[in-house]
file start14.cif (mmCIF, C-alpha atoms)
data_my_file
#
loop_
_atom_site.group_PDB
_atom_site.id
_atom_site.type_symbol
_atom_site.label_atom_id
_atom_site.label_comp_id
_atom_site.auth_asym_id
_atom_site.auth_seq_id
_atom_site.Cartn_x
_atom_site.Cartn_y
_atom_site.Cartn_z
ATOM 1 C CA MET A 212 -35.436 -9.531 -14.490
ATOM 2 C CA LEU A 213 -32.087 -9.110 -12.817
ATOM 3 C CA GLU A 214 -28.569 -9.473 -14.069
ATOM 4 C CA LEU A 215 -26.336 -10.646 -11.226
ATOM 5 C CA ARG A 216 -22.734 -9.640 -10.858
ATOM 6 C CA VAL A 217 -20.636 -11.718 -8.478
ATOM 7 C CA ASP A 218 -17.051 -10.845 -7.547
ATOM 8 C CA ARG A 219 -15.566 -14.079 -6.245
ATOM 9 C CA GLU A 220 -12.273 -12.358 -5.447
ATOM 10 C CA ARG A 221 -14.064 -9.970 -3.096
ATOM 11 C CA CYS A 222 -16.200 -12.689 -1.497
ATOM 12 C CA ILE A 223 -15.201 -13.724 2.041
ATOM 13 C CA GLY A 224 -17.397 -16.848 2.123
ATOM 14 C CA ALA A 225 -19.827 -15.669 4.812
ATOM 15 C CA GLY A 226 -22.661 -17.549 3.082
ATOM 16 C CA MET A 227 -25.397 -14.972 3.687
ATOM 17 C CA CYS A 228 -26.307 -15.078 -0.008
ATOM 18 C CA ALA A 229 -26.811 -18.848 -0.027
ATOM 19 C CA LEU A 230 -28.891 -18.668 3.158
ATOM 20 C CA THR A 231 -31.007 -15.758 1.905
ATOM 21 C CA ALA A 232 -31.538 -16.848 -1.705
ATOM 22 C CA PRO A 233 -30.668 -20.549 -2.021
ATOM 23 C CA ASP A 234 -32.408 -20.828 -5.398
ATOM 24 C CA VAL A 235 -29.990 -18.257 -6.782
ATOM 25 C CA PHE A 236 -26.729 -18.640 -4.829
ATOM 26 C CA ASP A 237 -24.556 -21.423 -3.521
ATOM 27 C CA GLN A 238 -21.106 -21.690 -1.996
ATOM 28 C CA ASP A 239 -18.166 -23.306 -3.728
ATOM 29 C CA PRO A 240 -17.395 -26.544 -1.841
ATOM 30 C CA ASP A 241 -13.664 -25.993 -2.339
ATOM 31 C CA ASP A 242 -13.233 -22.434 -1.080
ATOM 32 C CA GLY A 243 -16.632 -21.370 0.312
ATOM 33 C CA ARG A 244 -16.960 -18.388 -2.013
ATOM 34 C CA VAL A 245 -20.195 -17.428 -3.745
ATOM 35 C CA LEU A 246 -21.491 -19.176 -6.842
ATOM 36 C CA ALA A 247 -24.438 -17.831 -8.812
ATOM 37 C CA HIS A 248 -26.572 -20.484 -10.476
ATOM 38 C CA ALA A 249 -27.159 -18.090 -13.393
ATOM 39 C CA THR A 250 -26.731 -14.396 -14.149
ATOM 40 C CA THR A 251 -30.381 -13.770 -15.056
ATOM 41 C CA ARG A 252 -33.153 -14.706 -12.678
ATOM 42 C CA ALA A 253 -36.911 -14.747 -12.609
ATOM 43 C CA ALA A 254 -38.826 -11.813 -11.181
ATOM 44 C CA GLU A 255 -40.143 -13.892 -8.258
ATOM 45 C CA TRP A 256 -36.591 -14.094 -6.870
ATOM 46 C CA GLU A 257 -35.963 -10.349 -7.090
ATOM 47 C CA GLN A 258 -36.709 -9.637 -3.406
ATOM 48 C CA ALA A 259 -34.479 -12.463 -2.146
ATOM 49 C CA VAL A 260 -31.627 -11.384 -4.431
ATOM 50 C CA HIS A 261 -31.984 -7.765 -3.319
ATOM 51 C CA GLU A 262 -31.840 -8.910 0.312
ATOM 52 C CA ALA A 263 -28.742 -11.028 -0.388
ATOM 53 C CA VAL A 264 -27.030 -8.015 -1.978
ATOM 54 C CA LEU A 265 -27.747 -5.925 1.119
ATOM 55 C CA LEU A 266 -26.637 -8.654 3.543
ATOM 56 C CA CYS A 267 -23.353 -9.489 1.801
ATOM 57 C CA PRO A 268 -20.668 -8.302 4.246
ATOM 58 C CA SER A 269 -18.014 -7.903 1.543
ATOM 59 C CA GLY A 270 -20.195 -6.303 -1.133
ATOM 60 C CA ALA A 271 -19.278 -9.085 -3.552
ATOM 61 C CA ILE A 272 -22.761 -9.295 -5.083
ATOM 62 C CA THR A 273 -24.451 -6.623 -7.136
ATOM 63 C CA PHE A 274 -27.402 -6.740 -9.469
ATOM 64 C CA VAL A 275 -28.609 -4.669 -12.363
ATOM 65 C CA SER A 276 -32.265 -4.437 -13.251
ATOM 66 C CA ARG A 277 -32.855 -4.839 -16.971
ATOM 67 C CA GLU A 278 -34.959 -1.663 -16.775
ATOM 68 C CA SER A 279 -31.910 0.322 -15.592
ATOM 69 C CA SER A 280 -28.181 -0.098 -15.945
ATOM 70 C CA SER A 281 -27.277 1.172 -12.467
ATOM 71 C CA PRO A 282 -25.752 -1.467 -10.172
ATOM 72 C CA THR A 283 -27.135 -1.869 -6.679
ATOM 73 C CA ARG A 284 -24.946 -2.823 -3.734
ATOM 74 C CA LYS A 285 -24.655 -2.236 -0.015
ATOM 75 C CA ASP A 286 -25.334 1.378 0.907
ATOM 76 C CA ASN A 287 -22.422 1.728 3.330
ATOM 77 C CA GLU A 288 -19.675 1.184 0.760
#
call {"tool": "encode", "arguments": {"input": "start14.cif", "output": "structure tokens"}}
result
Amino acid sequence: MLELRVDRERCIGAGMCALTAPDVFDQDPDDGRVLAHATTRAAEWEQAVHEAVLLCPSGAITFVSRESSSPTRKDNE
């Protein structure tokens, strides 16, 4: 299980998250920034969420595995 952390202030509205994991993410119709449908997701979405974290150009999305408390985000930050 994953706990998602979304920083809407950091989000630039690129939409990679919504394209990569549409069951988990959406874009706000008013400002285009990321919306998470929930903060805890099923294990079957883990790969798509991980991919969305890596593809986010602003690093606005992180996730924490319930097995560890270390956040994961883009490597080049």
call {"tool": "closest_residue", "arguments": {"input": "start14.cif", "among": "A:Leu265, A:Ala229, A:Ala253, A:Ala247", "to": "Leu215 of chain A", "atoms": "all atoms listed in the file"}}
result
A:Ala247
call {"tool": "axis_aligned_box", "arguments": {"input": "start14.cif", "around": "segment 225-240 of chain A", "padding_each_side": "4 Å", "output": "lines of an AutoDock Vina configuration file"}}
result
center_x = -24.9
center_y = -20.8
center_z = -1.0
size_x = 23.0
size_y = 19.6
size_z = 19.6
call {"tool": "closest_residue", "arguments": {"input": "start14.cif", "among": "A:Asp218, A:Phe236, A:Thr231, A:Ser276", "to": "Glu262 of chain A", "atoms": "only C-alpha atoms"}}
result
A:Thr231
call {"tool": "residues_around", "arguments": {"input": "start14.cif", "residues": "Met227 of chain A", "least_positions_apart": "3", "cutoff": "9 Å", "atoms": "only C-alpha atoms", "output": "list of chain:residue names"}}
result
A:Gly224, A:Leu230, A:Thr231, A:Ala232, A:Ala263, A:Leu266, A:Cys267, A:Pro268
call {"tool": "residues_around", "arguments": {"input": "start14.cif", "residues": "Gly226 of chain A", "least_positions_apart": "6", "cutoff": "8 Å", "atoms": "only C-alpha atoms", "output": "number ranges by chain"}}
result
A: 237-238, 243-245
call {"tool": "closest_residue", "arguments": {"input": "start14.cif", "among": "A:Ile223, A:Leu246, A:Cys228, A:Ile272", "to": "Ala259 of chain A", "atoms": "only C-alpha atoms"}}
result
A:Cys228
call {"tool": "build_atoms", "arguments": {"input": "start14.cif", "residues": "segment 253-271 of chain A", "atoms": "N, CA, C and O atoms", "output": "short mmCIF file (atom, residue, chain, number, x, y, z; two decimals), in the frame of the given file"}}
result
data_model
loop_
_atom_site.label_atom_id
_atom_site.label_comp_id
_atom_site.auth_asym_id
_atom_site.auth_seq_id
_atom_site.Cartn_x
_atom_site.Cartn_y
_atom_site.Cartn_z
N ALA A 253 -35.49 -15.06 -12.49
CA ALA A 253 -36.91 -14.75 -12.61
C ALA A 253 -37.31 -13.64 -11.63
O ALA A 253 -36.70 -13.47 -10.59
N ALA A 254 -38.35 -12.94 -11.98
CA ALA A 254 -38.83 -11.81 -11.18
C ALA A 254 -39.23 -12.24 -9.77
O ALA A 254 -39.07 -11.47 -8.83
N GLU A 255 -39.71 -13.46 -9.59
CA GLU A 255 -40.14 -13.89 -8.26
C GLU A 255 -38.99 -14.01 -7.27
O GLU A 255 -39.20 -14.07 -6.08
N TRP A 256 -37.76 -14.03 -7.75
CA TRP A 256 -36.59 -14.09 -6.87
C TRP A 256 -35.97 -12.72 -6.62
O TRP A 256 -35.00 -12.60 -5.90
N GLU A 257 -36.55 -11.68 -7.19
CA GLU A 257 -35.96 -10.35 -7.09
C GLU A 257 -35.79 -9.89 -5.64
O GLU A 257 -34.74 -9.39 -5.27
N GLN A 258 -36.80 -10.08 -4.80
CA GLN A 258 -36.71 -9.64 -3.41
C GLN A 258 -35.60 -10.37 -2.66
O GLN A 258 -34.82 -9.76 -1.92
N ALA A 259 -35.51 -11.69 -2.83
CA ALA A 259 -34.48 -12.46 -2.15
C ALA A 259 -33.08 -12.06 -2.62
O ALA A 259 -32.16 -11.97 -1.81
N VAL A 260 -32.93 -11.81 -3.91
CA VAL A 260 -31.63 -11.38 -4.43
C VAL A 260 -31.26 -10.00 -3.89
O VAL A 260 -30.13 -9.77 -3.46
N HIS A 261 -32.23 -9.10 -3.86
CA HIS A 261 -31.98 -7.76 -3.32
C HIS A 261 -31.54 -7.86 -1.85
O HIS A 261 -30.59 -7.20 -1.43
N GLU A 262 -32.20 -8.71 -1.09
CA GLU A 262 -31.84 -8.91 0.31
C GLU A 262 -30.43 -9.49 0.43
O GLU A 262 -29.65 -9.06 1.29
N ALA A 263 -30.08 -10.44 -0.41
CA ALA A 263 -28.74 -11.03 -0.39
C ALA A 263 -27.67 -9.98 -0.70
O ALA A 263 -26.61 -9.97 -0.08
N VAL A 264 -27.96 -9.10 -1.65
CA VAL A 264 -27.03 -8.02 -1.98
C VAL A 264 -26.80 -7.15 -0.74
O VAL A 264 -25.67 -6.81 -0.40
N LEU A 265 -27.86 -6.78 -0.06
CA LEU A 265 -27.75 -5.92 1.12
C LEU A 265 -27.05 -6.61 2.29
O LEU A 265 -26.36 -5.96 3.07
N LEU A 266 -27.22 -7.92 2.42
CA LEU A 266 -26.64 -8.65 3.54
C LEU A 266 -25.19 -9.08 3.31
O LEU A 266 -24.51 -9.44 4.27
N CYS A 267 -24.72 -9.03 2.10
CA CYS A 267 -23.35 -9.49 1.80
C CYS A 267 -22.34 -8.59 2.52
O CYS A 267 -22.24 -7.40 2.22
N PRO A 268 -21.58 -9.14 3.47
CA PRO A 268 -20.67 -8.30 4.25
C PRO A 268 -19.49 -7.75 3.45
O PRO A 268 -18.92 -6.73 3.82
N SER A 269 -19.15 -8.38 2.34
CA SER A 269 -18.01 -7.90 1.54
C SER A 269 -18.43 -7.10 0.32
O SER A 269 -17.59 -6.56 -0.38
N GLY A 270 -19.73 -7.03 0.05
CA GLY A 270 -20.20 -6.30 -1.13
C GLY A 270 -19.84 -7.00 -2.43
O GLY A 270 -19.70 -6.36 -3.47
N ALA A 271 -19.71 -8.31 -2.39
CA ALA A 271 -19.28 -9.09 -3.55
C ALA A 271 -20.39 -9.32 -4.57
O ALA A 271 -20.11 -9.74 -5.69
#
